[in-house]
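Structure first, commentary second.
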There are 2 protein chains.
Amino acid sequence: MKSPGSFETIAYANGVVTMLDQRFLPHKEIYNQYTHAAEVAEAISTMVIRGAPAIGVAAAYGVALAAFRGAREEPARFHLVVEEAASLLAATRPTAVNLFWAIEKMRRILAECASSAPQATAERLLEQARAIHSEDLELCHRIGAFGQALVPDGATVLTHCNAGALATAGHGTALGVIRSAVAAGKRVQVIADETRPFLQGARLTAWELARDGIEVSVVADGAAAWLLKRHRADLVIVGTDRVAANGDVANKIGTYGVALAARAAKVPFYVAAPWSTIDLSTPTGDDIVIEERPALEVTHVMGQRIVPEGVPVLNPAFDVTPHELVTALITDRGLVYPPFAEGLRAFA
Amino acid sequence: MKSPGSFETIAYANGVVTMLDQRFLPHKEIYNQYTHAAEVAEAISTMVIRGAPAIGVAAAYGVALAAFRGAREEPARFHLVVEEAASLLAATRPTAVNLFWAIEKMRRILAECASSAPQATAERLLEQARAIHSEDLELCHRIGAFGQALVPDGATVLTHCNAGALATAGHGTALGVIRSAVAAGKRVQVIADETRPFLQGARLTAWELARDGIEVSVVADGAAAWLLKRHRADLVIVGTDRVAANGDVANKIGTYGVALAARAAKVPFYVAAPWSTIDLSTPTGDDIVIEERPALEVTHVMGQRIVPEGVPVLNPAFDVTPHELVTALITDRGLVYPPFAEGLRAFA
């Protein structure tokens with residue numbers, strides 16, 4: 001599956017998963033190669049790759065790697081080996097539902113192949129992983145097509161974190177809407193929150209939009225509310241790691257504050273959500289596990305310490321935006337407006 | 001005037017102004033010495049010293065330095081030399097009103113001394129600068145005394161930027177309230193927003209509170225709203241650079257977003273405001289000039305580039321929190337509750 005952009009977030013060929021190492025962007029474009037599921041799990045944990053759709057794709061390929069290795073090295077323990085890899089991959093990050101959704105799809109294939117030869121099962125698993133990968137790109141284009149109708153010509157869009165080509169198989173979800181609006185001939189400017197602590201906005205969103213020739217400015221996270229108040233942005237579009245059945249949205253820490261500011265400024269707040277992020281089995285945002293990430297992400301920036309030695313930090317990686325603050329969900333099945341519980345059930 | 005803490009933010013002795021260079025904290029405790037008003041102006045512009053009360057003190061000493069130098073080197077042009085220095089110092093930063101308030105006090109002395117000998121006038125100006133300095137410390141203690149009554153025993157206080165001993169002549173305004181609460185025997189924990197782009201929270205608030213043995217944790221700015229929503233903080237206390245006549249509060253960029261989140265979480269939002277920050281001649285926050293600071297503060301952290309080359313940034317240094325979101329102003333004359341216009345007039 002070729003990404004439509006000038007870089008590839010993730011690719012699979014001949015038993016090797018290649019990922020663009022997002023920790024080194026925007027300074028270095030380094031592609032890492034992985035041949036073990038455990039390496040893929042480590043890459044997800046350490047945020048070589050991040051973004052809910054992209055980690056779903058990565059986890060699926062990780063299961064496929066384990067299957068080929070198991071078929072070759074431990075055919076007698078094949079199902080156990082694959083199951084262990086799936087569990088390991090599932091334990092990497094708790095908030096994004098795509099991880100569990102992708103692994104569940106892989107497990108279903110594994111179960112269907114209970115009586116098949118290991119090598120044949122591994123082929124089926126790879127086929128499923130490739131399908132998850134290529135479907136993700138299609139979903140992003142569908143989200144873009146539905147969402148771009150919401151973007152007026154000449155608009156400035158504020159976004160948080162990176163819900164772009166780097167967070168997906170390509171095109172992006174929130175940034176996919178922007179790319180589709182640009183492709184439709186609209187003039188669009190983007191304001192990217194830098195998105196501490198991991199700086200996905202400053203490092204990744206700015207990098208991929210600049211690379212595509214889309215006008216982007218970066219701001220400190222604290223400036224977003226003020227810029228919205230001063231009508232410097234016409235709408236907000238963000239991605240999501242999980243949408244609860246009532247429409248509550250888990251996304252990168254800081255999203256909830258942007259949503260409050262958008263509401264106060266009467267600016268629409270849209271969430272680009274592939275259907276794989278919609279988790280109807282989770283009733284509300286209160287039921288979503290919020291990952292706490294390592295202190296080092298806050299205490300250091302680019303290897304430089306900014307917090308005095310011995311001072312502790314809190315580092316919740318996500319927050320939940322209550323559905324009351326969401327104007328609409330932009331899914332690959334269409335736009336969902338409040339009341340979300342009914343709207344989501346209708347599309348399910 | 002000795003600062004009560006273990007460091008001195010600013011000091012004057014024998015024609016030399018000494019400042020703790022806040023750009024190198026928390027890593028290095030470097031004290032710079034200045035003998036020219038122009039050097040002091042440069043120190044204020046480049047944030048060697050920052051915080052509304054502290055820059056007022058620095059500007060006053062800067063005028064005194066110019067006066068002694070003028071008396072010695074250009075007695076015939078004495079008044080012009082001092083006036084030029086005052087204008088240069090006033091042009092350093094537009095938002096904090098203390099700068100103009102302190103310079104105005106110095107200009108009044110200069111006008112009173114129209115027929116005095118230059119050396120005698122310089123002595124009077126130094127006396128005024130010392131008075132501004134020592135009064136600031138007293139004001140902070142009065143703010144602490146009034147404000148500490150609002151801090152329950154066992155409370156967690158969220159703060160933004162640094163309104164501490166480093167922003168004043170000592171004790172601090174927002175952090176002065178916390179220090180006074182601790183001195184009154186209360187157990188208090190602090191959550192400090194890191195406060196990008198200049199990282200006053202991570203670098204300065206964490207440093208000075210840890211140094212005083214007060215429990216402090218640092219969080220990314222984007223986490224503040226979520227932590228408030230999850231009731232991880234019981235109240236918010238921030239400082240201010242200028243309060244308009246209607247109670248609108250200019251403070252470090254990001255403050256407005258914290259205020260929105262505090263309101264949504266039904267958590268009180270207090271502003272510690274020495275009377276010198278209250279600007280009754282400015283009707284509302286819309287009339288306050290918001291300083292735009294250099295791009296480098298956003299594009300780089302500790303000398304490391306985080307934003308791709310060629311991508312522009314927006315860097316408003318302050319925002320305005322509308323008075324509707326402020327629970328009370330903690331001034332050195334007492335607590336002011338809404339309606340602020342009336343409350344402030346009553347204390348004036």
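Residues are referred to by chain and number: the chain letter is A, B, ... according to the order shown in the structure tokens, the number counts from 1 in that chain, and ligands are numbered separately from 1 in the order shown.
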
If you run DSSP over the backbone, which residues in region 15-192 of chain A end up helix (DSSP H, G or I)? Put them as a PyMOL selection string. chain A and resi 37-45+52-73+75-90+97-112+118-148+165-167+174-183

Write out as number ranges by chain the set of residues from region 121-291 of chain B that DSSP, computed on the backbone, places in strand (DSSP E or B). B: 155-159, 188-193, 215-219, 235-238, 242-244, 249-252, 269-272, 278-279

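Residues in contact range of Gly51 (chain A), defined as at most 7 Å between only C-alpha atoms, with sequence neighbours fewer than 4 positions away removed, read Ile55, Ala163, Ala167 and Thr168 of chain A.
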
Now that the selection is made, can you save its residues with N, CA, C and O atoms as a PDB file, in the first residue's frame?
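Okay, this is what ended up in again30.pdb:
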```
ATOM      1  N   ILE A  55      -1.258   3.155  14.819  1.00  0.00           N
ATOM      2  CA  ILE A  55      -0.838   2.086  15.727  1.00  0.00           C
ATOM      3  C   ILE A  55      -1.696   0.833  15.538  1.00  0.00           C
ATOM      4  O   ILE A  55      -1.226  -0.280  15.767  1.00  0.00           O
ATOM      5  N   ALA A 163      -3.154  14.584  13.671  1.00  0.00           N
ATOM      6  CA  ALA A 163      -4.094  13.605  13.131  1.00  0.00           C
ATOM      7  C   ALA A 163      -3.939  13.643  11.627  1.00  0.00           C
ATOM      8  O   ALA A 163      -4.872  13.895  10.883  1.00  0.00           O
ATOM      9  N   ALA A 167      -0.196   9.915  11.333  1.00  0.00           N
ATOM     10  CA  ALA A 167      -0.988   9.231  12.362  1.00  0.00           C
ATOM     11  C   ALA A 167      -1.858   8.143  11.765  1.00  0.00           C
ATOM     12  O   ALA A 167      -2.611   7.478  12.480  1.00  0.00           O
ATOM     13  N   THR A 168      -1.743   7.967  10.456  1.00  0.00           N
ATOM     14  CA  THR A 168      -2.642   7.065   9.728  1.00  0.00           C
ATOM     15  C   THR A 168      -1.823   6.365   8.631  1.00  0.00           C
ATOM     16  O   THR A 168      -0.608   6.497   8.583  1.00  0.00           O
TER      17      THR A 168
END
```

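Excluding Leu139 (chain B) and any residue on its chain fewer than 2 positions from it, the residues at most 9 Å away by only C-alpha atoms are Ser134, Glu135, Asp136, Leu137, His141, Arg142, Ile143, Gly144, Thr173, Pro274, Trp275, Thr331, Asp332 and Arg333 of chain B.
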
Write the residues of the selection above to a file with N, CA, C and O atoms, as a PDB file, in the first residue's frame.
```pdb
ATOM      1  N   SER B 134      11.380  48.199  48.183  1.00  0.00           N
ATOM      2  CA  SER B 134      11.035  47.679  49.511  1.00  0.00           C
ATOM      3  C   SER B 134       9.521  47.609  49.706  1.00  0.00           C
ATOM      4  O   SER B 134       9.001  46.680  50.324  1.00  0.00           O
ATOM      5  N   GLU B 135       8.799  48.552  49.078  1.00  0.00           N
ATOM      6  CA  GLU B 135       7.332  48.497  49.174  1.00  0.00           C
ATOM      7  C   GLU B 135       6.807  47.240  48.488  1.00  0.00           C
ATOM      8  O   GLU B 135       5.814  46.668  48.924  1.00  0.00           O
ATOM      9  N   ASP B 136       7.454  46.831  47.391  1.00  0.00           N
ATOM     10  CA  ASP B 136       6.969  45.659  46.679  1.00  0.00           C
ATOM     11  C   ASP B 136       6.999  44.425  47.573  1.00  0.00           C
ATOM     12  O   ASP B 136       6.055  43.623  47.574  1.00  0.00           O
ATOM     13  N   LEU B 137       8.040  44.283  48.338  1.00  0.00           N
ATOM     14  CA  LEU B 137       8.117  43.140  49.245  1.00  0.00           C
ATOM     15  C   LEU B 137       7.015  43.211  50.306  1.00  0.00           C
ATOM     16  O   LEU B 137       6.354  42.204  50.599  1.00  0.00           O
ATOM     17  N   HIS B 141       3.718  40.607  50.977  1.00  0.00           N
ATOM     18  CA  HIS B 141       3.334  40.030  52.268  1.00  0.00           C
ATOM     19  C   HIS B 141       1.883  40.366  52.620  1.00  0.00           C
ATOM     20  O   HIS B 141       1.176  39.534  53.189  1.00  0.00           O
ATOM     21  N   ARG B 142       1.450  41.562  52.252  1.00  0.00           N
ATOM     22  CA  ARG B 142       0.043  41.909  52.511  1.00  0.00           C
ATOM     23  C   ARG B 142      -0.884  41.069  51.640  1.00  0.00           C
ATOM     24  O   ARG B 142      -1.926  40.585  52.101  1.00  0.00           O
ATOM     25  N   ILE B 143      -0.509  40.903  50.356  1.00  0.00           N
ATOM     26  CA  ILE B 143      -1.299  40.028  49.464  1.00  0.00           C
ATOM     27  C   ILE B 143      -1.339  38.620  50.048  1.00  0.00           C
ATOM     28  O   ILE B 143      -2.393  37.971  50.086  1.00  0.00           O
ATOM     29  N   GLY B 144      -0.205  38.153  50.527  1.00  0.00           N
ATOM     30  CA  GLY B 144      -0.133  36.826  51.141  1.00  0.00           C
ATOM     31  C   GLY B 144      -1.083  36.704  52.316  1.00  0.00           C
ATOM     32  O   GLY B 144      -1.805  35.707  52.458  1.00  0.00           O
ATOM     33  N   THR B 173       3.540  37.156  44.464  1.00  0.00           N
ATOM     34  CA  THR B 173       2.120  37.525  44.575  1.00  0.00           C
ATOM     35  C   THR B 173       1.299  36.233  44.686  1.00  0.00           C
ATOM     36  O   THR B 173       0.925  35.843  45.792  1.00  0.00           O
ATOM     37  N   PRO B 274      -0.969  43.119  43.007  1.00  0.00           N
ATOM     38  CA  PRO B 274      -0.553  44.308  43.740  1.00  0.00           C
ATOM     39  C   PRO B 274      -1.254  45.527  43.134  1.00  0.00           C
ATOM     40  O   PRO B 274      -1.542  45.532  41.932  1.00  0.00           O
ATOM     41  N   TRP B 275      -1.532  46.515  43.976  1.00  0.00           N
ATOM     42  CA  TRP B 275      -2.298  47.667  43.488  1.00  0.00           C
ATOM     43  C   TRP B 275      -1.616  48.319  42.288  1.00  0.00           C
ATOM     44  O   TRP B 275      -2.274  48.904  41.422  1.00  0.00           O
ATOM     45  N   THR B 331      -5.672  41.785  46.353  1.00  0.00           N
ATOM     46  CA  THR B 331      -4.782  42.952  46.284  1.00  0.00           C
ATOM     47  C   THR B 331      -4.159  43.181  47.656  1.00  0.00           C
ATOM     48  O   THR B 331      -4.575  42.577  48.654  1.00  0.00           O
ATOM     49  N   ASP B 332      -3.179  44.072  47.697  1.00  0.00           N
ATOM     50  CA  ASP B 332      -2.547  44.412  48.973  1.00  0.00           C
ATOM     51  C   ASP B 332      -3.457  45.316  49.808  1.00  0.00           C
ATOM     52  O   ASP B 332      -3.156  45.611  50.956  1.00  0.00           O
ATOM     53  N   ARG B 333      -4.581  45.739  49.232  1.00  0.00           N
ATOM     54  CA  ARG B 333      -5.547  46.536  50.008  1.00  0.00           C
ATOM     55  C   ARG B 333      -6.718  45.682  50.480  1.00  0.00           C
ATOM     56  O   ARG B 333      -7.609  46.178  51.176  1.00  0.00           O
TER      57      ARG B 333
END
```

Measuring atom to atom with only C-alpha atoms, identify which of B:Thr240, B:Asn315, B:Gln304, B:Thr321 is nearest to Val97 (chain B).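 Using only C-alpha atoms, the shortest distance to Val97 (chain B) belongs to B:Thr240.
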
Taking only C-alpha atoms into account, what are the residues of chain A at most 8 Å from chain B, put as a ChimeraX atom specification? /A:26-27,195-197,199,202-203,206-207,210,216-226,253-257,260-261,298,301-302,304,306-308,311-316,319-320

Å distance separating CA of Glu83 (chain B) from CA of Glu291 (chain B), one decimal place: 23.5 Å
